[in-house]
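This is final_6.pdb (PDB, C-alpha atoms).
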```pdb
ATOM      1  CA  MET A   1       5.732  18.099  53.139
ATOM      2  CA  SER A   2       7.009  14.526  53.446
ATOM      3  CA  ALA A   3       3.433  13.199  53.847
ATOM      4  CA  LEU A   4       2.342  15.034  50.709
ATOM      5  CA  PHE A   5       5.327  13.667  48.817
ATOM      6  CA  ALA A   6       4.499  10.146  49.933
ATOM      7  CA  ALA A   7       0.887  10.545  48.820
ATOM      8  CA  LEU A   8       1.977  11.752  45.388
ATOM      9  CA  CYS A   9       4.337   8.809  45.035
ATOM     10  CA  ALA A  10       1.489   6.440  45.913
ATOM     11  CA  LEU A  11      -0.667   7.975  43.180
ATOM     12  CA  LEU A  12       2.102   7.652  40.613
ATOM     13  CA  LEU A  13       2.849   3.989  41.349
ATOM     14  CA  PRO A  14       0.033   2.613  39.155
ATOM     15  CA  LEU A  15       1.170   4.841  36.287
ATOM     16  CA  THR A  16       4.720   3.586  36.642
ATOM     17  CA  ALA A  17       3.564  -0.015  36.666
ATOM     18  CA  SER A  18       1.383   0.455  33.587
ATOM     19  CA  ALA A  19       4.317   2.016  31.718
ATOM     20  CA  GLU A  20       6.365  -1.164  31.965
ATOM     21  CA  PRO A  21       6.969  -2.703  28.541
ATOM     22  CA  PRO A  22       4.907  -5.776  27.634
ATOM     23  CA  PRO A  23       6.669  -9.162  27.713
ATOM     24  CA  PRO A  24       8.504 -10.248  24.566
ATOM     25  CA  PHE A  25       6.616 -12.248  21.958
ATOM     26  CA  SER A  26       8.590 -15.383  22.783
ATOM     27  CA  GLU A  27       6.700 -15.651  26.085
ATOM     28  CA  GLN A  28       3.264 -15.737  24.444
ATOM     29  CA  ASN A  29       1.610 -19.119  23.924
ATOM     30  CA  GLU A  30       0.164 -18.163  20.531
ATOM     31  CA  VAL A  31       3.618 -17.212  19.310
ATOM     32  CA  ARG A  32       5.104 -20.472  20.539
ATOM     33  CA  THR A  33       2.413 -22.325  18.624
ATOM     34  CA  PHE A  34       3.224 -20.240  15.537
ATOM     35  CA  ILE A  35       6.939 -21.023  15.874
ATOM     36  CA  ALA A  36       6.180 -24.751  16.146
ATOM     37  CA  ALA A  37       4.083 -24.538  12.976
ATOM     38  CA  MET A  38       6.907 -22.743  11.134
ATOM     39  CA  HIS A  39       9.209 -25.575  12.156
ATOM     40  CA  GLU A  40       6.797 -28.300  11.053
ATOM     41  CA  GLN A  41       5.739 -26.687   7.774
ATOM     42  CA  HIS A  42       8.909 -24.933   6.660
ATOM     43  CA  GLY A  43      11.779 -26.417   8.671
ATOM     44  CA  PHE A  44      12.632 -23.320  10.731
ATOM     45  CA  ASP A  45      14.849 -23.914  13.763
ATOM     46  CA  VAL A  46      12.689 -23.485  16.861
ATOM     47  CA  ALA A  47      15.445 -22.157  19.123
ATOM     48  CA  HIS A  48      16.681 -19.670  16.525
ATOM     49  CA  LEU A  49      13.179 -18.348  15.783
ATOM     50  CA  THR A  50      12.397 -18.139  19.510
ATOM     51  CA  ARG A  51      15.504 -15.984  20.055
ATOM     52  CA  GLN A  52      14.347 -13.625  17.334
ATOM     53  CA  PHE A  53      10.854 -13.287  18.823
ATOM     54  CA  ALA A  54      12.471 -12.719  22.226
ATOM     55  CA  GLN A  55      13.910  -9.451  20.876
ATOM     56  CA  ILE A  56      10.572  -7.883  19.922
ATOM     57  CA  ARG A  57       7.464  -6.834  21.861
ATOM     58  CA  PRO A  58       3.921  -5.716  20.979
ATOM     59  CA  ASN A  59       4.166  -2.244  19.477
ATOM     60  CA  ALA A  60       1.482   0.149  20.716
ATOM     61  CA  SER A  61       2.168   2.653  17.902
ATOM     62  CA  VAL A  62       1.476  -0.014  15.293
ATOM     63  CA  LEU A  63      -1.795  -0.983  16.954
ATOM     64  CA  ARG A  64      -2.904   2.652  17.174
ATOM     65  CA  ALA A  65      -2.031   3.340  13.538
ATOM     66  CA  ILE A  66      -3.933   0.349  12.148
ATOM     67  CA  ARG A  67      -7.247   1.209  13.828
ATOM     68  CA  PRO A  68      -9.905   2.932  11.682
ATOM     69  CA  ALA A  69     -10.651   6.582  12.340
ATOM     70  CA  ALA A  70     -13.056   7.032  15.243
ATOM     71  CA  VAL A  71     -15.387   9.218  13.144
ATOM     72  CA  PRO A  72     -14.748   8.160   9.532
ATOM     73  CA  GLU A  73     -17.302  10.521   7.982
ATOM     74  CA  LYS A  74     -15.261  13.468   9.283
ATOM     75  CA  GLN A  75     -12.017  11.989   8.001
ATOM     76  CA  ARG A  76     -13.086  11.141   4.442
ATOM     77  CA  SER A  77     -12.245  14.101   2.203
ATOM     78  CA  TRP A  78     -11.133  13.716  -1.396
ATOM     79  CA  GLN A  79      -9.788  17.277  -1.601
ATOM     80  CA  ARG A  80      -7.661  16.831   1.504
ATOM     81  CA  TYR A  81      -6.450  13.410   0.345
ATOM     82  CA  ARG A  82      -5.652  14.714  -3.147
ATOM     83  CA  GLU A  83      -3.543  17.583  -1.825
ATOM     84  CA  ARG A  84      -1.167  15.103  -0.164
ATOM     85  CA  PHE A  85      -0.168  13.649  -3.534
ATOM     86  CA  LEU A  86      -0.995  16.225  -6.198
ATOM     87  CA  ASN A  87       1.426  18.960  -5.232
ATOM     88  CA  PRO A  88       4.494  20.592  -6.817
ATOM     89  CA  ARG A  89       6.998  18.687  -4.647
ATOM     90  CA  ARG A  90       5.704  15.260  -5.574
ATOM     91  CA  ILE A  91       5.341  16.149  -9.250
ATOM     92  CA  ALA A  92       8.909  17.500  -9.372
ATOM     93  CA  GLY A  93      10.177  14.407  -7.570
ATOM     94  CA  GLY A  94       8.387  12.199 -10.072
ATOM     95  CA  GLN A  95       9.913  14.081 -12.955
ATOM     96  CA  ARG A  96      13.398  13.494 -11.520
ATOM     97  CA  PHE A  97      12.688   9.817 -10.854
ATOM     98  CA  TRP A  98      11.400   9.340 -14.409
ATOM     99  CA  HIS A  99      14.452  11.086 -15.873
ATOM    100  CA  GLU A 100      16.896   9.041 -13.768
ATOM    101  CA  HIS A 101      15.254   5.722 -14.618
ATOM    102  CA  ALA A 102      13.902   6.386 -18.104
ATOM    103  CA  ALA A 103      15.512   3.333 -19.712
ATOM    104  CA  VAL A 104      14.314   0.968 -16.963
ATOM    105  CA  LEU A 105      10.800   2.390 -17.129
ATOM    106  CA  ALA A 106      10.731   1.991 -20.907
ATOM    107  CA  ARG A 107      11.800  -1.640 -20.561
ATOM    108  CA  ALA A 108       9.136  -2.327 -17.933
ATOM    109  CA  THR A 109       6.484  -0.769 -20.183
ATOM    110  CA  ALA A 110       7.642  -2.868 -23.146
ATOM    111  CA  ILE A 111       7.479  -6.099 -21.119
ATOM    112  CA  TYR A 112       4.378  -5.553 -18.992
ATOM    113  CA  GLY A 113       2.375  -2.931 -20.910
ATOM    114  CA  VAL A 114       2.032  -0.520 -17.985
ATOM    115  CA  PRO A 115       2.779   3.144 -18.859
ATOM    116  CA  PRO A 116       5.823   4.687 -17.158
ATOM    117  CA  GLU A 117       3.764   7.483 -15.612
ATOM    118  CA  VAL A 118       1.555   4.967 -13.775
ATOM    119  CA  ILE A 119       4.576   3.083 -12.406
ATOM    120  CA  VAL A 120       6.180   6.337 -11.261
ATOM    121  CA  ALA A 121       2.913   7.595  -9.750
ATOM    122  CA  ILE A 122       2.430   4.466  -7.645
ATOM    123  CA  ILE A 123       5.972   4.729  -6.306
ATOM    124  CA  GLY A 124       5.377   8.434  -5.713
ATOM    125  CA  VAL A 125       2.187   7.876  -3.749
ATOM    126  CA  GLU A 126       3.615   4.945  -1.794
ATOM    127  CA  THR A 127       6.991   6.303  -0.644
ATOM    128  CA  GLU A 128       7.609   9.577  -2.502
ATOM    129  CA  TYR A 129      10.080   7.789  -4.786
ATOM    130  CA  GLY A 130      11.774   5.828  -2.026
ATOM    131  CA  GLY A 131      12.176   8.748   0.359
ATOM    132  CA  ASN A 132       9.830   7.435   3.039
ATOM    133  CA  MET A 133       9.846   3.634   3.259
ATOM    134  CA  GLY A 134       8.955   3.395   6.961
ATOM    135  CA  SER A 135      11.042   2.956  10.093
ATOM    136  CA  PHE A 136       9.160   0.188  11.902
ATOM    137  CA  SER A 137      10.673  -3.223  12.505
ATOM    138  CA  VAL A 138       8.672  -5.315  10.043
ATOM    139  CA  LEU A 139       8.968  -8.392  12.240
ATOM    140  CA  GLU A 140       7.647  -6.482  15.254
ATOM    141  CA  ALA A 141       4.891  -4.756  13.272
ATOM    142  CA  LEU A 142       3.602  -7.967  11.711
ATOM    143  CA  ALA A 143       3.790  -9.857  15.005
ATOM    144  CA  SER A 144       1.898  -7.062  16.786
ATOM    145  CA  LEU A 145      -0.886  -7.225  14.209
ATOM    146  CA  ALA A 146      -0.865 -11.013  13.964
ATOM    147  CA  PHE A 147      -1.264 -11.593  17.695
ATOM    148  CA  HIS A 148      -2.817  -8.381  19.068
ATOM    149  CA  TYR A 149      -5.198  -7.134  16.368
ATOM    150  CA  PRO A 150      -8.086  -9.636  16.232
ATOM    151  CA  PRO A 151      -9.994  -8.054  13.299
ATOM    152  CA  ARG A 152      -7.237  -9.015  10.849
ATOM    153  CA  ALA A 153      -5.119 -11.451  12.836
ATOM    154  CA  GLU A 154      -5.435 -14.242  10.268
ATOM    155  CA  PHE A 155      -4.284 -12.012   7.416
ATOM    156  CA  PHE A 156      -1.271 -10.709   9.311
ATOM    157  CA  ARG A 157      -0.253 -14.161  10.524
ATOM    158  CA  GLY A 158      -0.131 -15.162   6.893
ATOM    159  CA  GLU A 159       2.013 -12.118   6.102
ATOM    160  CA  LEU A 160       4.285 -12.914   9.065
ATOM    161  CA  GLU A 161       4.777 -16.413   7.688
ATOM    162  CA  GLN A 162       5.529 -15.026   4.218
ATOM    163  CA  PHE A 163       7.919 -12.456   5.678
ATOM    164  CA  LEU A 164       9.998 -15.080   7.483
ATOM    165  CA  LEU A 165      10.138 -17.184   4.311
ATOM    166  CA  MET A 166      11.127 -14.135   2.248
ATOM    167  CA  ALA A 167      13.892 -13.163   4.675
ATOM    168  CA  ARG A 168      15.294 -16.713   4.648
ATOM    169  CA  GLU A 169      15.184 -16.926   0.851
ATOM    170  CA  ASN A 170      17.148 -13.681   0.561
ATOM    171  CA  GLY A 171      19.635 -14.419   3.338
ATOM    172  CA  LEU A 172      18.411 -11.536   5.492
ATOM    173  CA  SER A 173      17.884 -11.257   9.231
ATOM    174  CA  PRO A 174      14.167 -10.616   9.890
ATOM    175  CA  LEU A 175      15.202  -8.230  12.666
ATOM    176  CA  SER A 176      17.092  -5.986  10.247
ATOM    177  CA  ILE A 177      14.237  -5.140   7.870
ATOM    178  CA  LYS A 178      12.343  -1.856   8.281
ATOM    179  CA  GLY A 179       9.021  -0.898   6.736
ATOM    180  CA  SER A 180       5.594   0.556   7.366
ATOM    181  CA  TYR A 181       3.449   0.027  10.454
ATOM    182  CA  ALA A 182       1.472  -2.555   8.421
ATOM    183  CA  GLY A 183       4.580  -4.479   7.384
ATOM    184  CA  ALA A 184       4.921  -3.140   3.827
ATOM    185  CA  ILE A 185       8.468  -3.115   2.524
ATOM    186  CA  GLY A 186      10.668  -1.080   0.247
ATOM    187  CA  ILE A 187      10.313   1.520  -2.480
ATOM    188  CA  PRO A 188       6.964   0.137  -3.734
ATOM    189  CA  GLN A 189       5.704  -0.909  -0.259
ATOM    190  CA  PHE A 190       4.983  -4.533  -1.096
ATOM    191  CA  MET A 191       3.541  -6.771   1.584
ATOM    192  CA  PRO A 192       5.686  -9.906   2.041
ATOM    193  CA  SER A 193       3.219 -12.159   0.186
ATOM    194  CA  SER A 194       3.201  -9.739  -2.760
ATOM    195  CA  GLN A 195       6.986  -9.627  -2.832
ATOM    196  CA  ARG A 196       7.235 -13.412  -2.952
ATOM    197  CA  ARG A 197       4.506 -13.632  -5.614
ATOM    198  CA  PHE A 198       5.102 -10.653  -7.889
ATOM    199  CA  ALA A 199       8.533  -9.087  -7.307
ATOM    200  CA  VAL A 200      11.194  -9.511  -9.994
ATOM    201  CA  ASP A 201      14.950  -9.131 -10.261
ATOM    202  CA  PHE A 202      14.859  -6.346 -12.840
ATOM    203  CA  ASP A 203      18.465  -5.175 -12.542
ATOM    204  CA  GLY A 204      19.942  -8.620 -13.217
ATOM    205  CA  ASP A 205      22.002  -9.011 -10.038
ATOM    206  CA  ASP A 206      20.385 -12.381  -9.155
ATOM    207  CA  ARG A 207      18.539 -11.030  -6.124
ATOM    208  CA  ILE A 208      15.311  -9.156  -5.492
ATOM    209  CA  ASP A 209      15.871  -6.015  -3.453
ATOM    210  CA  LEU A 210      12.906  -3.667  -3.215
ATOM    211  CA  ARG A 211      14.583  -1.556  -0.551
ATOM    212  CA  THR A 212      17.583  -0.247  -2.496
ATOM    213  CA  SER A 213      17.057  -1.221  -6.155
ATOM    214  CA  SER A 214      14.825   1.227  -8.019
ATOM    215  CA  SER A 215      15.020  -1.092 -11.033
ATOM    216  CA  ASP A 216      13.626  -4.033  -9.054
ATOM    217  CA  ALA A 217      10.898  -1.752  -7.686
ATOM    218  CA  ILE A 218       9.929  -0.493 -11.149
ATOM    219  CA  GLY A 219       9.790  -3.959 -12.677
ATOM    220  CA  SER A 220       7.898  -5.362  -9.698
ATOM    221  CA  VAL A 221       5.206  -2.649  -9.740
ATOM    222  CA  ALA A 222       4.695  -3.156 -13.482
ATOM    223  CA  ARG A 223       4.476  -6.933 -13.113
ATOM    224  CA  TYR A 224       2.069  -6.615 -10.172
ATOM    225  CA  LEU A 225      -0.363  -4.554 -12.237
ATOM    226  CA  GLN A 226       0.046  -6.774 -15.290
ATOM    227  CA  GLN A 227      -0.679  -9.890 -13.255
ATOM    228  CA  TYR A 228      -3.883  -8.312 -11.960
ATOM    229  CA  GLY A 229      -5.103  -7.695 -15.495
ATOM    230  CA  TRP A 230      -3.703  -4.370 -16.699
ATOM    231  CA  GLN A 231      -4.888  -3.670 -20.268
ATOM    232  CA  LYS A 232      -2.267  -1.988 -22.413
ATOM    233  CA  ASP A 233      -3.328   1.383 -23.878
ATOM    234  CA  ALA A 234      -6.793   1.104 -22.303
ATOM    235  CA  PRO A 235      -8.349   4.062 -20.433
ATOM    236  CA  ILE A 236      -8.267   4.397 -16.655
ATOM    237  CA  ALA A 237     -11.017   6.888 -15.770
ATOM    238  CA  VAL A 238     -13.048   9.798 -17.160
ATOM    239  CA  PRO A 239     -15.142  12.496 -15.443
ATOM    240  CA  ALA A 240     -18.882  11.829 -15.248
ATOM    241  CA  ARG A 241     -22.062  13.856 -14.753
ATOM    242  CA  VAL A 242     -24.983  12.353 -12.882
ATOM    243  CA  GLN A 243     -28.709  12.993 -12.762
ATOM    244  CA  GLY A 244     -31.120  11.538 -10.261
ATOM    245  CA  ASP A 245     -30.419   8.955  -7.589
ATOM    246  CA  VAL A 246     -27.218   7.012  -8.325
ATOM    247  CA  SER A 247     -26.828   5.472  -4.881
ATOM    248  CA  ALA A 248     -27.395   1.959  -6.235
ATOM    249  CA  LEU A 249     -24.564   2.407  -8.754
ATOM    250  CA  ILE A 250     -22.240   3.611  -5.987
ATOM    251  CA  ALA A 251     -23.253   0.725  -3.748
ATOM    252  CA  ALA A 252     -22.409  -1.722  -6.555
ATOM    253  CA  GLY A 253     -18.720  -1.071  -5.851
ATOM    254  CA  ILE A 254     -15.651  -0.168  -7.889
ATOM    255  CA  LYS A 255     -15.436  -3.276 -10.058
ATOM    256  CA  PRO A 256     -16.696  -2.481 -13.581
ATOM    257  CA  THR A 257     -19.885  -4.416 -14.318
ATOM    258  CA  LEU A 258     -22.011  -2.124 -16.523
ATOM    259  CA  THR A 259     -21.252  -0.580 -19.899
ATOM    260  CA  VAL A 260     -21.056   3.167 -20.373
ATOM    261  CA  ARG A 261     -24.255   2.879 -22.377
ATOM    262  CA  GLU A 262     -26.028   1.088 -19.522
ATOM    263  CA  MET A 263     -24.749   3.758 -17.138
ATOM    264  CA  ALA A 264     -26.213   6.447 -19.391
ATOM    265  CA  ALA A 265     -29.636   4.819 -19.122
ATOM    266  CA  GLN A 266     -29.384   5.311 -15.355
ATOM    267  CA  GLY A 267     -28.484   8.987 -15.522
ATOM    268  CA  VAL A 268     -24.677   8.884 -15.820
ATOM    269  CA  ARG A 269     -23.064  10.760 -18.703
ATOM    270  CA  ALA A 270     -19.424  10.558 -19.756
ATOM    271  CA  SER A 271     -17.319  10.874 -22.893
ATOM    272  CA  ALA A 272     -16.313   7.261 -23.434
ATOM    273  CA  ASP A 273     -16.890   4.225 -25.622
ATOM    274  CA  GLY A 274     -20.442   3.061 -24.962
ATOM    275  CA  ASP A 275     -19.403  -0.599 -24.916
ATOM    276  CA  GLN A 276     -16.662  -0.049 -22.321
ATOM    277  CA  GLN A 277     -17.430  -1.526 -18.909
ATOM    278  CA  ALA A 278     -17.138   0.885 -15.998
ATOM    279  CA  ALA A 279     -18.026   1.556 -12.381
ATOM    280  CA  LEU A 280     -19.312   4.828 -10.957
ATOM    281  CA  ILE A 281     -16.787   6.388  -8.563
ATOM    282  CA  ASP A 282     -17.792   9.046  -6.051
ATOM    283  CA  LEU A 283     -15.112  11.280  -4.565
ATOM    284  CA  VAL A 284     -16.642  12.878  -1.491
ATOM    285  CA  THR A 285     -15.492  16.042   0.259
ATOM    286  CA  PRO A 286     -17.442  17.462   3.241
ATOM    287  CA  ASP A 287     -19.127  20.791   2.444
ATOM    288  CA  ALA A 288     -18.242  20.504  -1.245
ATOM    289  CA  ALA A 289     -19.796  18.997  -4.343
ATOM    290  CA  THR A 290     -19.033  15.304  -4.859
ATOM    291  CA  GLU A 291     -16.897  14.497  -7.900
ATOM    292  CA  TYR A 292     -18.112  11.629 -10.068
ATOM    293  CA  TRP A 293     -15.949   9.568 -12.402
ATOM    294  CA  LEU A 294     -16.258   6.421 -14.428
ATOM    295  CA  GLY A 295     -13.529   3.969 -13.495
ATOM    296  CA  PHE A 296     -12.612   1.350 -16.091
ATOM    297  CA  ASP A 297     -10.834  -1.991 -15.685
ATOM    298  CA  ASN A 298      -7.408  -0.371 -15.317
ATOM    299  CA  PHE A 299      -8.757   1.830 -12.512
ATOM    300  CA  TYR A 300      -9.931  -1.325 -10.759
ATOM    301  CA  VAL A 301      -6.487  -2.898 -11.280
ATOM    302  CA  ILE A 302      -4.887   0.039  -9.443
ATOM    303  CA  THR A 303      -7.216  -0.613  -6.515
ATOM    304  CA  ARG A 304      -5.707  -4.104  -6.225
ATOM    305  CA  TYR A 305      -2.603  -2.280  -4.979
ATOM    306  CA  ASN A 306      -4.647  -0.392  -2.385
ATOM    307  CA  ARG A 307      -8.372  -1.045  -2.203
ATOM    308  CA  SER A 308      -9.458   2.572  -2.171
ATOM    309  CA  SER A 309     -11.012   4.712  -4.895
ATOM    310  CA  PHE A 310      -9.235   7.740  -3.381
ATOM    311  CA  TYR A 311      -5.904   5.938  -3.764
ATOM    312  CA  ALA A 312      -6.521   4.864  -7.350
ATOM    313  CA  MET A 313      -7.678   8.333  -8.361
ATOM    314  CA  ALA A 314      -4.631   9.945  -6.716
ATOM    315  CA  VAL A 315      -2.377   7.564  -8.660
ATOM    316  CA  PHE A 316      -4.240   8.298 -11.894
ATOM    317  CA  GLN A 317      -4.182  12.069 -11.504
ATOM    318  CA  LEU A 318      -0.543  12.123 -10.408
ATOM    319  CA  ALA A 319       0.289   9.954 -13.440
ATOM    320  CA  GLU A 320      -1.525  12.397 -15.724
ATOM    321  CA  ALA A 321       0.354  15.344 -14.205
ATOM    322  CA  LEU A 322       3.678  13.504 -14.574
ATOM    323  CA  ARG A 323       2.964  12.586 -18.185
ATOM    324  CA  GLU A 324       2.166  16.205 -19.019
ATOM    325  CA  ARG A 325       5.289  17.464 -17.238
ATOM    326  CA  HIS A 326       7.394  14.829 -19.034
ATOM    327  CA  ARG A 327       5.884  15.880 -22.390
ATOM    328  CA  GLN A 328       6.647  19.532 -21.722
ATOM    329  CA  THR A 329      10.204  18.765 -20.656
ATOM    330  CA  ALA A 330      10.843  16.584 -23.707
ATOM    331  CA  ALA A 331       9.650  19.423 -25.964
ATOM    332  CA  LEU A 332      12.246  21.857 -24.567
ATOM    333  CA  PRO A 333      15.345  22.483 -26.717
TER
END
```
Any chance you could put this one into structure tokens?
Amino acid sequence: MSALFAALCALLLPLTASAEPPPPFSEQNEVRTFIAAMHEQHGFDVAHLTRQFAQIRPNASVLRAIRPAAVPEKQRSWQRYRERFLNPRRIAGGQRFWHEHAAVLARATAIYGVPPEVIVAIIGVETEYGGNMGSFSVLEALASLAFHYPPRAEFFRGELEQFLLMARENGLSPLSIKGSYAGAIGIPQFMPSSQRRFAVDFDGDDRIDLRTSSSDAIGSVARYLQQYGWQKDAPIAVPARVQGDVSALIAAGIKPTLTVREMAAQGVRASADGDQQAALIDLVTPDAATEYWLGFDNFYVITRYNRSSFYAMAVFQLAEALRERHRQTAALP
């Protein structure tokens, strides 16, 4: 029995060793180089920043979450994606959020031209109206992606730099801020560079707080879309019917480049102004007919928030459902 026990222990030793946590970021040469650059470019204290990086380690959950699906063609389903956001719970939550913040939403619409239902829908898709803002250490998540995810290391190093600057500007400890596995923060899930570039103090308290201020989140979402070219009162998308091979139109991407009239000459029909520029959007579901839509400039603007036609269409359709629910509620005695 003792020999068998010893053999089992010997087999388990490699597993135990591999389960040891990785060394802290402060011990990595690339991180030390990054810290030195933050000191030279932005005046950060090397010892202080080193102590902060000594408290975090590469996060395996972050690195797993960021990787693309192993078999993307089996994962891509518009119907399944849509059901996550177009459901009674999220519509009811959006109605409550709109009611609670009606005056702020009206002010954001007046200033930036973005309809309230679109602002609410983006916040609904991103965090279900602030209910799920992420529980990852943003510093640890960004560092993990900046130094251990080569495909997008440059992007995430830039976001890590912006995050440290943002935390210093707002008097916050970088270690205290929670967010998504990709480092997005707060009610609208802004990346640090977006927060520094687009976020606004919309509640007038002389600070930008996207984590607890719904007003700041509302104003910041509206300004983000406006800065990317939102056109007031312009359409977002309409259903389309297609004939023949439209693969070239799909391959052209989601940025509008052809007029509705030019689309019609290539077999795409839709009820829209013939001079309006549009892109052909395909919403694919395995074992079901593909939905086709024409996406206009405002649809493309929504994709600047998340570069996915599924995302933009979910925002658009949730916004339409919220607008209809709001209209029905307003009509009640």
Problem - Test item: the PyMOL selection byres ((chain A and resi 129) around 12) resolved as a VMD selection string - result: chain A and resid 85 89 to 98 100 to 101 119 to 128 130 to 133 186 to 189 210 to 215 217 to 218
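Nearest residue to Ser193 of chain A, choosing from A:Asp209, A:Glu30, A:Glu159, A:Asp245 and counting only C-alpha atoms: A:Glu159.
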Practice task
Identify which of the residues A:Ala47, A:Leu139, A:Leu322, A:Ala331 lies closest to Pro116 of chain A, counting all atoms listed in the file when measuring atom-to-atom distances.
Solution key: A:Leu322
Problem - For Arg241 of chain A: contacts at 10 Å, all atoms listed in the file, fewer than 5 positions along chain excluded, given as a PyMOL selection string - result: chain A and resi 264+267-271+291-294
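With all atoms listed in the file as the basis for measurement, A:Leu280 is the residue among A:Met313, A:Met191, A:Leu280, A:Leu63 that approaches Gln266 of chain A most closely.
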Exercise for the section: Any chance you could resolve the PyMOL selection byres ((chain A and resi 49) around 10) against this file and give the residues as a VMD selection string? Expected result: chain A and resid 26 32 35 to 36 38 to 39 44 to 48 50 to 54 164 174
Completion exercise
Residue with the minimum atom-to-atom distance to Pro239 of chain A, picked from A:Ala182, A:Gln317, A:Ser220, A:Ile302 with all atoms listed in the file counted, is A:Gln317
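With only C-alpha atoms as the atoms that count, the residue of A:Phe190, A:Tyr311, A:Phe296, A:Phe163 with the shortest distance to Val238 of chain A is A:Phe296.
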Practice task
For the file shown, report as number ranges by chain the outcome of the PyMOL selection byres ((chain A and resi 255-263) around 12) at residue level.
Solution key: A: 236-238, 240-243, 246, 248-254, 264-281, 293-304, 307-309
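Taking atom CA of Ser144 of chain A and atom CA of Gln55 of chain A as endpoints, the distance between them is 12.9 Å.
The two atoms in question, atom CA of Ala60 of chain A and atom CA of Ala153 of chain A, are spaced 15.5 Å apart.
Between atom CA of Glu20 of chain A and atom CA of Ser173 of chain A the interatomic distance comes to 27.4 Å.
Minimum atom-to-atom distance to Glu169 of chain A, evaluated using only C-alpha atoms, belongs to A:His42 out of A:Glu117, A:His42, A:Arg157, A:Thr33.
Contact shell of Ile56 of chain A at 9 Å (only C-alpha atoms; same-chain neighbours under 5 positions omitted): A:Pro23, A:Pro24, A:Phe25, A:Ser26, A:Ser137, A:Leu139, A:Glu140, A:Ala143, A:Leu175.
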Handout entry: Close residues, Ile66 of chain A itself excluded, 9 Å, all atoms listed in the file, min 5 positions apart in chain, as a ChimeraX atom specification
Key = /A:61,145,149,181-182
Practice task
Write out as a VMD selection string the residues lying within 8 Å of segment 78-84 of chain A, counting only C-alpha atoms and excluding same-chain residues fewer than 3 positions away.
Solution key: chain A and resid 87 283 to 285 310 314
